[in-house]
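Read through the structure below, which is laid out as structure tokens, and then see the notes.
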Amino acid sequence: MARRPRYPATMDPDFWRTRWAEGRIGWHQDAPNAHLVAHAALFDRARRVFVPLCGKSLDLAWIAARPHAPAVVGVELVEDAARELFEEHGLTAERVEEDGVIRYRGGSIEIVVGDYFALGADVLGHFDACFDRAALVAMPPAQRPRYVAHQRGLLAPGARTLLVTFVHDAPPDSPPFSVPEAEVRALYEGCRLTLLGQHEELVSTSLLSRGVKSARELVFAIEA
Ligand SMILES: C[S@@+](CC[C@H](N)C(=O)[O-])C[C@H]1O[C@@H](n2cnc3c(N)ncnc32)[C@H](O)[C@@H]1O
């Protein structure tokens, strides 16, 4: 009998499409992320901010509304999420399809719809800041080095990343995966990395159903 691969489902685009189609988006927060708000000064000089695997997060509009009005670019696999992000902010967005790439643009926010790994600097440009929440932790272990290498390829020298990860003891069979400090340090080797804080996290229903009793969020500042 063929052995079941250990981490297949979460890399399958259909896993995410099904979650969106069924409205199972428990990761979505109805306010800007508290760690982003607390550490926003990290982005004070940023002109272009990257938000990988952005969903329909309120964080993009919150960053775009900062006093120095940076441009914010998200990447998201599921087009409905991109459309809903603008609709739910009451923002008008234009949908542009060029060279096979779908972009939603409204104000200083742009969402590029597609597979993160297929979207390079030729499509996205370079960034001087990045906000990663529920993105690295959505990647199964084997994909994380590639995920981080791709992200680093999009960041200009000196770019700053605010990264939020989880540490918990659920089995590594579905997101959010546990990504502890040692792994983050190995993934971002060569960057200046500061652990800004560790916070006990209210255990979500999805983690409870996986047997987790407590979980922590780790918040990092990373300079490329
Ligand atoms: C756990 S959610 C986090 C969303 C957002 N960062 C937030 O905090 O609400 C992960 C998102 O990444 C998207 N996604 C998963 N794999 C992707 C890929 N390879 N390329 C682009 N988006 C992807 C999913 O559709 C989903 O919306």
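As shown in the structure tokens, the chain order sets the letters A, B, ...; within each chain, residues go from 1, and ligands are also counted from 1 in the order they appear.
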
Around ligand 1, out to 7 Å and counting only C-alpha atoms and all ligand atoms, which residues are there? I want them as number ranges by chain. A: 11, 13, 16-17, 27-29, 52-57, 75-78, 81, 114-117, 132-135, 138, 176

Would you list the contacts of region 208-224 of chain A as a PyMOL selection string, taking every protein, DNA or RNA residue within 10 Å and counting only C-alpha atoms, but skipping same-chain residues closer than 6 positions in sequence? chain A and resi 35-36+39+42+128-133+152+155-174+178-181+184-185+188-202

Go ahead and write the residues just picked, N, CA and C atoms, as a short mmCIF file (atom, residue, chain, number, x, y, z; two decimals), in the first residue's frame.
data_model
loop_
_atom_site.label_atom_id
_atom_site.label_comp_id
_atom_site.auth_asym_id
_atom_site.auth_seq_id
_atom_site.Cartn_x
_atom_site.Cartn_y
_atom_site.Cartn_z
N HIS A 35 -0.24 42.91 16.82
CA HIS A 35 1.23 43.03 16.77
C HIS A 35 1.64 44.04 15.70
N LEU A 36 0.91 44.07 14.63
CA LEU A 36 1.19 45.08 13.59
C LEU A 36 0.99 46.48 14.16
N HIS A 39 3.78 47.42 16.60
CA HIS A 39 5.14 47.58 16.06
C HIS A 39 5.16 48.31 14.72
N LEU A 42 8.10 50.10 12.83
CA LEU A 42 9.07 49.37 12.00
C LEU A 42 8.93 49.75 10.52
N ASP A 128 10.49 47.41 0.51
CA ASP A 128 11.37 47.76 1.61
C ASP A 128 10.75 47.39 2.96
N ALA A 129 9.62 46.68 2.93
CA ALA A 129 9.04 46.15 4.17
C ALA A 129 8.12 44.99 3.83
N CYS A 130 7.89 44.14 4.85
CA CYS A 130 7.04 42.96 4.65
C CYS A 130 6.33 42.66 5.97
N PHE A 131 5.04 42.33 5.88
CA PHE A 131 4.29 41.90 7.07
C PHE A 131 3.81 40.48 6.83
N ASP A 132 4.30 39.57 7.67
CA ASP A 132 3.98 38.14 7.51
C ASP A 132 3.23 37.66 8.74
N ARG A 133 1.93 37.50 8.58
CA ARG A 133 1.08 36.96 9.65
C ARG A 133 0.23 35.84 9.05
N ARG A 152 12.77 36.60 0.49
CA ARG A 152 14.01 37.39 0.59
C ARG A 152 14.42 37.93 -0.78
N LEU A 155 12.84 41.36 -1.41
CA LEU A 155 13.10 42.45 -0.46
C LEU A 155 14.40 43.16 -0.81
N ALA A 156 14.36 44.48 -0.74
CA ALA A 156 15.56 45.29 -1.00
C ALA A 156 16.50 45.17 0.20
N PRO A 157 17.81 45.41 0.00
CA PRO A 157 18.72 45.39 1.15
C PRO A 157 18.24 46.37 2.22
N GLY A 158 18.28 45.92 3.46
CA GLY A 158 17.83 46.77 4.57
C GLY A 158 16.33 46.71 4.82
N ALA A 159 15.61 45.97 3.99
CA ALA A 159 14.14 45.88 4.16
C ALA A 159 13.81 45.27 5.53
N ARG A 160 12.70 45.70 6.09
CA ARG A 160 12.28 45.21 7.40
C ARG A 160 11.03 44.35 7.30
N THR A 161 11.08 43.21 7.98
CA THR A 161 9.92 42.31 8.02
C THR A 161 9.43 42.20 9.46
N LEU A 162 8.12 42.30 9.62
CA LEU A 162 7.50 41.97 10.90
C LEU A 162 6.84 40.61 10.71
N LEU A 163 7.29 39.64 11.49
CA LEU A 163 6.85 38.25 11.32
C LEU A 163 6.18 37.76 12.60
N VAL A 164 5.01 37.14 12.44
CA VAL A 164 4.31 36.55 13.59
C VAL A 164 4.23 35.04 13.35
N THR A 165 4.75 34.25 14.30
CA THR A 165 4.61 32.79 14.17
C THR A 165 3.90 32.23 15.41
N PHE A 166 3.53 30.96 15.31
CA PHE A 166 2.93 30.24 16.45
C PHE A 166 3.90 29.19 16.96
N VAL A 167 3.85 28.92 18.24
CA VAL A 167 4.49 27.73 18.79
C VAL A 167 3.41 26.96 19.55
N HIS A 168 3.19 25.71 19.14
CA HIS A 168 2.21 24.87 19.82
C HIS A 168 2.61 23.41 19.62
N ASP A 169 1.86 22.50 20.24
CA ASP A 169 2.28 21.10 20.16
C ASP A 169 1.30 20.22 19.40
N ALA A 170 0.52 20.81 18.51
CA ALA A 170 -0.38 19.99 17.68
C ALA A 170 0.44 19.23 16.64
N PRO A 171 -0.05 18.11 16.17
CA PRO A 171 0.67 17.37 15.13
C PRO A 171 0.81 18.24 13.87
N PRO A 172 1.95 18.09 13.17
CA PRO A 172 2.20 18.96 12.01
C PRO A 172 1.46 18.48 10.77
N ASP A 173 0.11 18.40 10.88
CA ASP A 173 -0.62 17.91 9.72
C ASP A 173 -1.54 18.93 9.08
N SER A 174 -1.67 20.10 9.69
CA SER A 174 -2.44 21.15 9.03
C SER A 174 -2.09 22.50 9.64
N SER A 178 3.38 24.93 13.79
CA SER A 178 4.24 25.50 14.82
C SER A 178 5.60 25.83 14.20
N VAL A 179 6.03 27.07 14.33
CA VAL A 179 7.33 27.48 13.79
C VAL A 179 8.10 28.20 14.90
N PRO A 180 8.95 27.44 15.61
CA PRO A 180 9.61 28.01 16.79
C PRO A 180 10.78 28.93 16.43
N GLU A 181 11.29 29.59 17.46
CA GLU A 181 12.33 30.61 17.26
C GLU A 181 13.57 30.05 16.55
N VAL A 184 12.99 29.84 12.89
CA VAL A 184 12.95 31.17 12.27
C VAL A 184 14.37 31.70 12.09
N ARG A 185 15.21 31.52 13.12
CA ARG A 185 16.60 32.01 13.03
C ARG A 185 17.35 31.29 11.92
N TYR A 188 16.11 32.56 8.43
CA TYR A 188 16.52 33.94 8.11
C TYR A 188 18.00 34.17 8.42
N GLU A 189 18.78 33.12 8.31
CA GLU A 189 20.21 33.24 8.59
C GLU A 189 20.81 34.35 7.73
N GLY A 190 21.66 35.17 8.34
CA GLY A 190 22.29 36.26 7.59
C GLY A 190 21.54 37.57 7.74
N CYS A 191 20.31 37.51 8.25
CA CYS A 191 19.53 38.74 8.50
C CYS A 191 19.71 39.12 9.98
N ARG A 192 19.45 40.39 10.28
CA ARG A 192 19.44 40.79 11.69
C ARG A 192 18.04 40.52 12.24
N LEU A 193 17.98 39.68 13.26
CA LEU A 193 16.68 39.21 13.74
C LEU A 193 16.51 39.51 15.23
N THR A 194 15.39 40.11 15.57
CA THR A 194 15.11 40.43 16.98
C THR A 194 13.77 39.82 17.36
N LEU A 195 13.76 39.08 18.46
CA LEU A 195 12.48 38.59 18.99
C LEU A 195 11.85 39.73 19.78
N LEU A 196 10.76 40.27 19.27
CA LEU A 196 10.14 41.44 19.91
C LEU A 196 9.25 41.05 21.08
N GLY A 197 8.69 39.83 21.01
CA GLY A 197 7.80 39.44 22.10
C GLY A 197 7.28 38.03 21.94
N GLN A 198 6.81 37.48 23.08
CA GLN A 198 6.17 36.16 23.08
C GLN A 198 4.87 36.33 23.83
N HIS A 199 3.78 35.88 23.26
CA HIS A 199 2.47 36.15 23.85
C HIS A 199 1.67 34.86 23.95
N GLU A 200 1.16 34.61 25.14
CA GLU A 200 0.24 33.48 25.27
C GLU A 200 -0.97 33.77 24.40
N GLU A 201 -1.35 32.80 23.63
CA GLU A 201 -2.43 33.01 22.67
C GLU A 201 -3.67 32.28 23.15
N LEU A 202 -4.83 32.91 23.01
CA LEU A 202 -6.08 32.20 23.28
C LEU A 202 -6.16 31.08 22.26
#

Between A:Val49, A:Ala186, A:Ala82, A:Ile102, which residue has the minimum interatomic distance to Trp20 (chain A), considering only C-alpha atoms?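 The shortest atom-to-atom distance to Trp20 (chain A) comes from A:Ala82.
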
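Note that CA of His126 (chain A) and CA of Arg45 (chain A) are 14.9 Å apart.
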
DSSP says strand (DSSP E or B) for which residues of region 30-213 of chain A? Put them as a PyMOL selection string? chain A and resi 48-51+71-76+94-98+101-106+109-113+127-133+155-167+192-201

CA of Ala121 (chain A) to CA of Val101 (chain A), distance in Å rounded to a single decimal: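 If I compute the distance from CA of Ala121 (chain A) to CA of Val101 (chain A), I get 13.1 Å.
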
Counting only C-alpha atoms, figure out which residue out of A:Arg95, A:Pro145, A:Phe15, A:Ala41 gets nearest to Pro67 (chain A).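 Comparing A:Arg95, A:Pro145, A:Phe15, A:Ala41 against Pro67 (chain A), the winner is A:Ala41.
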
Which of region 16-184 of chain A fall in alpha helix (DSSP H), as a short mmCIF file (atom, residue, chain, number, x, y, z; two decimals) with N, CA and C atoms, in the first residue's frame:
data_model
loop_
_atom_site.label_atom_id
_atom_site.label_comp_id
_atom_site.auth_asym_id
_atom_site.auth_seq_id
_atom_site.Cartn_x
_atom_site.Cartn_y
_atom_site.Cartn_z
N TRP A 16 -7.05 25.42 -0.03
CA TRP A 16 -7.38 26.81 0.30
C TRP A 16 -8.66 27.27 -0.40
N ARG A 17 -8.83 26.84 -1.65
CA ARG A 17 -10.06 27.24 -2.39
C ARG A 17 -11.29 26.71 -1.67
N THR A 18 -11.19 25.47 -1.17
CA THR A 18 -12.33 24.88 -0.46
C THR A 18 -12.60 25.64 0.83
N ARG A 19 -11.53 26.00 1.55
CA ARG A 19 -11.72 26.75 2.80
C ARG A 19 -12.46 28.06 2.53
N TRP A 20 -12.05 28.75 1.45
CA TRP A 20 -12.73 30.02 1.13
C TRP A 20 -14.16 29.77 0.68
N ALA A 21 -14.35 28.75 -0.17
CA ALA A 21 -15.69 28.48 -0.72
C ALA A 21 -16.65 28.12 0.40
N ALA A 34 -2.98 42.94 16.19
CA ALA A 34 -2.50 43.71 17.34
C ALA A 34 -0.98 43.89 17.31
N HIS A 35 -0.24 42.91 16.82
CA HIS A 35 1.23 43.03 16.77
C HIS A 35 1.64 44.04 15.70
N LEU A 36 0.91 44.07 14.63
CA LEU A 36 1.19 45.08 13.59
C LEU A 36 0.99 46.48 14.16
N VAL A 37 -0.11 46.66 14.86
CA VAL A 37 -0.41 47.98 15.43
C VAL A 37 0.68 48.36 16.44
N ALA A 38 1.09 47.37 17.27
CA ALA A 38 2.07 47.66 18.32
C ALA A 38 3.45 48.01 17.74
N ASP A 59 -5.26 44.20 7.59
CA ASP A 59 -3.94 44.78 7.81
C ASP A 59 -3.48 45.62 6.62
N LEU A 60 -3.89 45.24 5.42
CA LEU A 60 -3.41 45.98 4.24
C LEU A 60 -3.92 47.42 4.26
N ALA A 61 -5.22 47.57 4.52
CA ALA A 61 -5.79 48.92 4.55
C ALA A 61 -5.22 49.72 5.71
N TRP A 62 -4.96 49.02 6.81
CA TRP A 62 -4.41 49.72 7.98
C TRP A 62 -3.00 50.25 7.67
N ILE A 63 -2.20 49.45 7.01
CA ILE A 63 -0.84 49.90 6.64
C ILE A 63 -0.94 51.04 5.63
N ALA A 64 -1.83 50.89 4.65
CA ALA A 64 -1.96 51.92 3.61
C ALA A 64 -2.40 53.26 4.19
N GLU A 79 -9.15 34.39 -5.73
CA GLU A 79 -9.62 35.69 -6.23
C GLU A 79 -10.76 36.26 -5.40
N ASP A 80 -11.66 35.41 -4.91
CA ASP A 80 -12.78 35.90 -4.10
C ASP A 80 -12.27 36.68 -2.89
N ALA A 81 -11.16 36.22 -2.33
CA ALA A 81 -10.60 36.90 -1.14
C ALA A 81 -10.17 38.31 -1.52
N ALA A 82 -9.51 38.44 -2.66
CA ALA A 82 -9.04 39.76 -3.11
C ALA A 82 -10.23 40.69 -3.33
N ARG A 83 -11.27 40.17 -3.97
CA ARG A 83 -12.42 41.01 -4.25
C ARG A 83 -13.11 41.43 -2.95
N GLU A 84 -13.25 40.47 -2.05
CA GLU A 84 -13.93 40.77 -0.78
C GLU A 84 -13.15 41.79 0.04
N LEU A 85 -11.83 41.74 -0.05
CA LEU A 85 -11.02 42.69 0.72
C LEU A 85 -11.42 44.12 0.37
N PHE A 86 -11.56 44.39 -0.90
CA PHE A 86 -11.93 45.75 -1.31
C PHE A 86 -13.39 46.03 -0.98
N GLU A 87 -14.27 45.07 -1.29
CA GLU A 87 -15.70 45.27 -1.05
C GLU A 87 -15.96 45.58 0.43
N GLU A 88 -15.31 44.84 1.30
CA GLU A 88 -15.60 44.99 2.73
C GLU A 88 -15.05 46.29 3.30
N ALA A 121 9.90 39.11 -8.78
CA ALA A 121 10.10 40.56 -8.79
C ALA A 121 9.69 41.17 -10.13
N ASP A 122 9.70 40.38 -11.20
CA ASP A 122 9.26 40.91 -12.51
C ASP A 122 7.79 41.31 -12.47
N VAL A 123 7.01 40.64 -11.65
CA VAL A 123 5.57 40.94 -11.52
C VAL A 123 5.30 41.87 -10.33
N LEU A 124 6.00 41.63 -9.23
CA LEU A 124 5.68 42.33 -7.97
C LEU A 124 6.57 43.53 -7.68
N ARG A 144 9.10 25.60 3.78
CA ARG A 144 9.47 26.88 4.41
C ARG A 144 10.76 27.49 3.88
N PRO A 145 11.82 26.68 3.67
CA PRO A 145 13.04 27.31 3.12
C PRO A 145 12.78 27.97 1.77
N ARG A 146 12.00 27.32 0.91
CA ARG A 146 11.70 27.90 -0.40
C ARG A 146 10.84 29.15 -0.25
N TYR A 147 9.88 29.07 0.67
CA TYR A 147 9.01 30.23 0.93
C TYR A 147 9.84 31.44 1.35
N VAL A 148 10.76 31.23 2.31
CA VAL A 148 11.55 32.36 2.83
C VAL A 148 12.55 32.84 1.77
N ALA A 149 13.15 31.92 1.03
CA ALA A 149 14.11 32.33 -0.02
C ALA A 149 13.39 33.20 -1.04
N HIS A 150 12.18 32.82 -1.40
CA HIS A 150 11.41 33.60 -2.38
C HIS A 150 11.11 35.00 -1.82
N GLN A 151 10.70 35.03 -0.57
CA GLN A 151 10.40 36.32 0.07
C GLN A 151 11.64 37.21 0.11
N ARG A 152 12.77 36.60 0.49
CA ARG A 152 14.01 37.39 0.59
C ARG A 152 14.42 37.93 -0.78
N GLY A 153 14.09 37.21 -1.84
CA GLY A 153 14.40 37.67 -3.20
C GLY A 153 13.58 38.89 -3.62
N GLU A 181 11.29 29.59 17.46
CA GLU A 181 12.33 30.61 17.26
C GLU A 181 13.57 30.05 16.55
N ALA A 182 14.02 28.86 16.94
CA ALA A 182 15.25 28.32 16.34
C ALA A 182 15.08 28.14 14.84
N GLU A 183 13.90 27.70 14.44
CA GLU A 183 13.66 27.51 13.00
C GLU A 183 13.62 28.86 12.28
N VAL A 184 12.99 29.84 12.89
CA VAL A 184 12.95 31.17 12.27
C VAL A 184 14.37 31.70 12.09
#

Quick one: pull the distance between CA of Ala40 (chain A) and CA of Val72 (chain A), Å, one decimal.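 Straight-line distance from CA of Ala40 (chain A) to CA of Val72 (chain A) works out to 13.8 Å.
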
Between A:Pro70, A:Glu110, A:Asn33, A:Gly120, which residue has the minimum interatomic distance to Glu94 (chain A), considering only C-alpha atoms?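 Among the listed residues, the smallest separation from Glu94 (chain A) belongs to A:Glu110.
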
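Distance check against Gly125 (chain A) using only C-alpha atoms: of A:Glu98, A:Arg48, A:Thr92, A:Tyr104, the minimum falls on A:Arg48.
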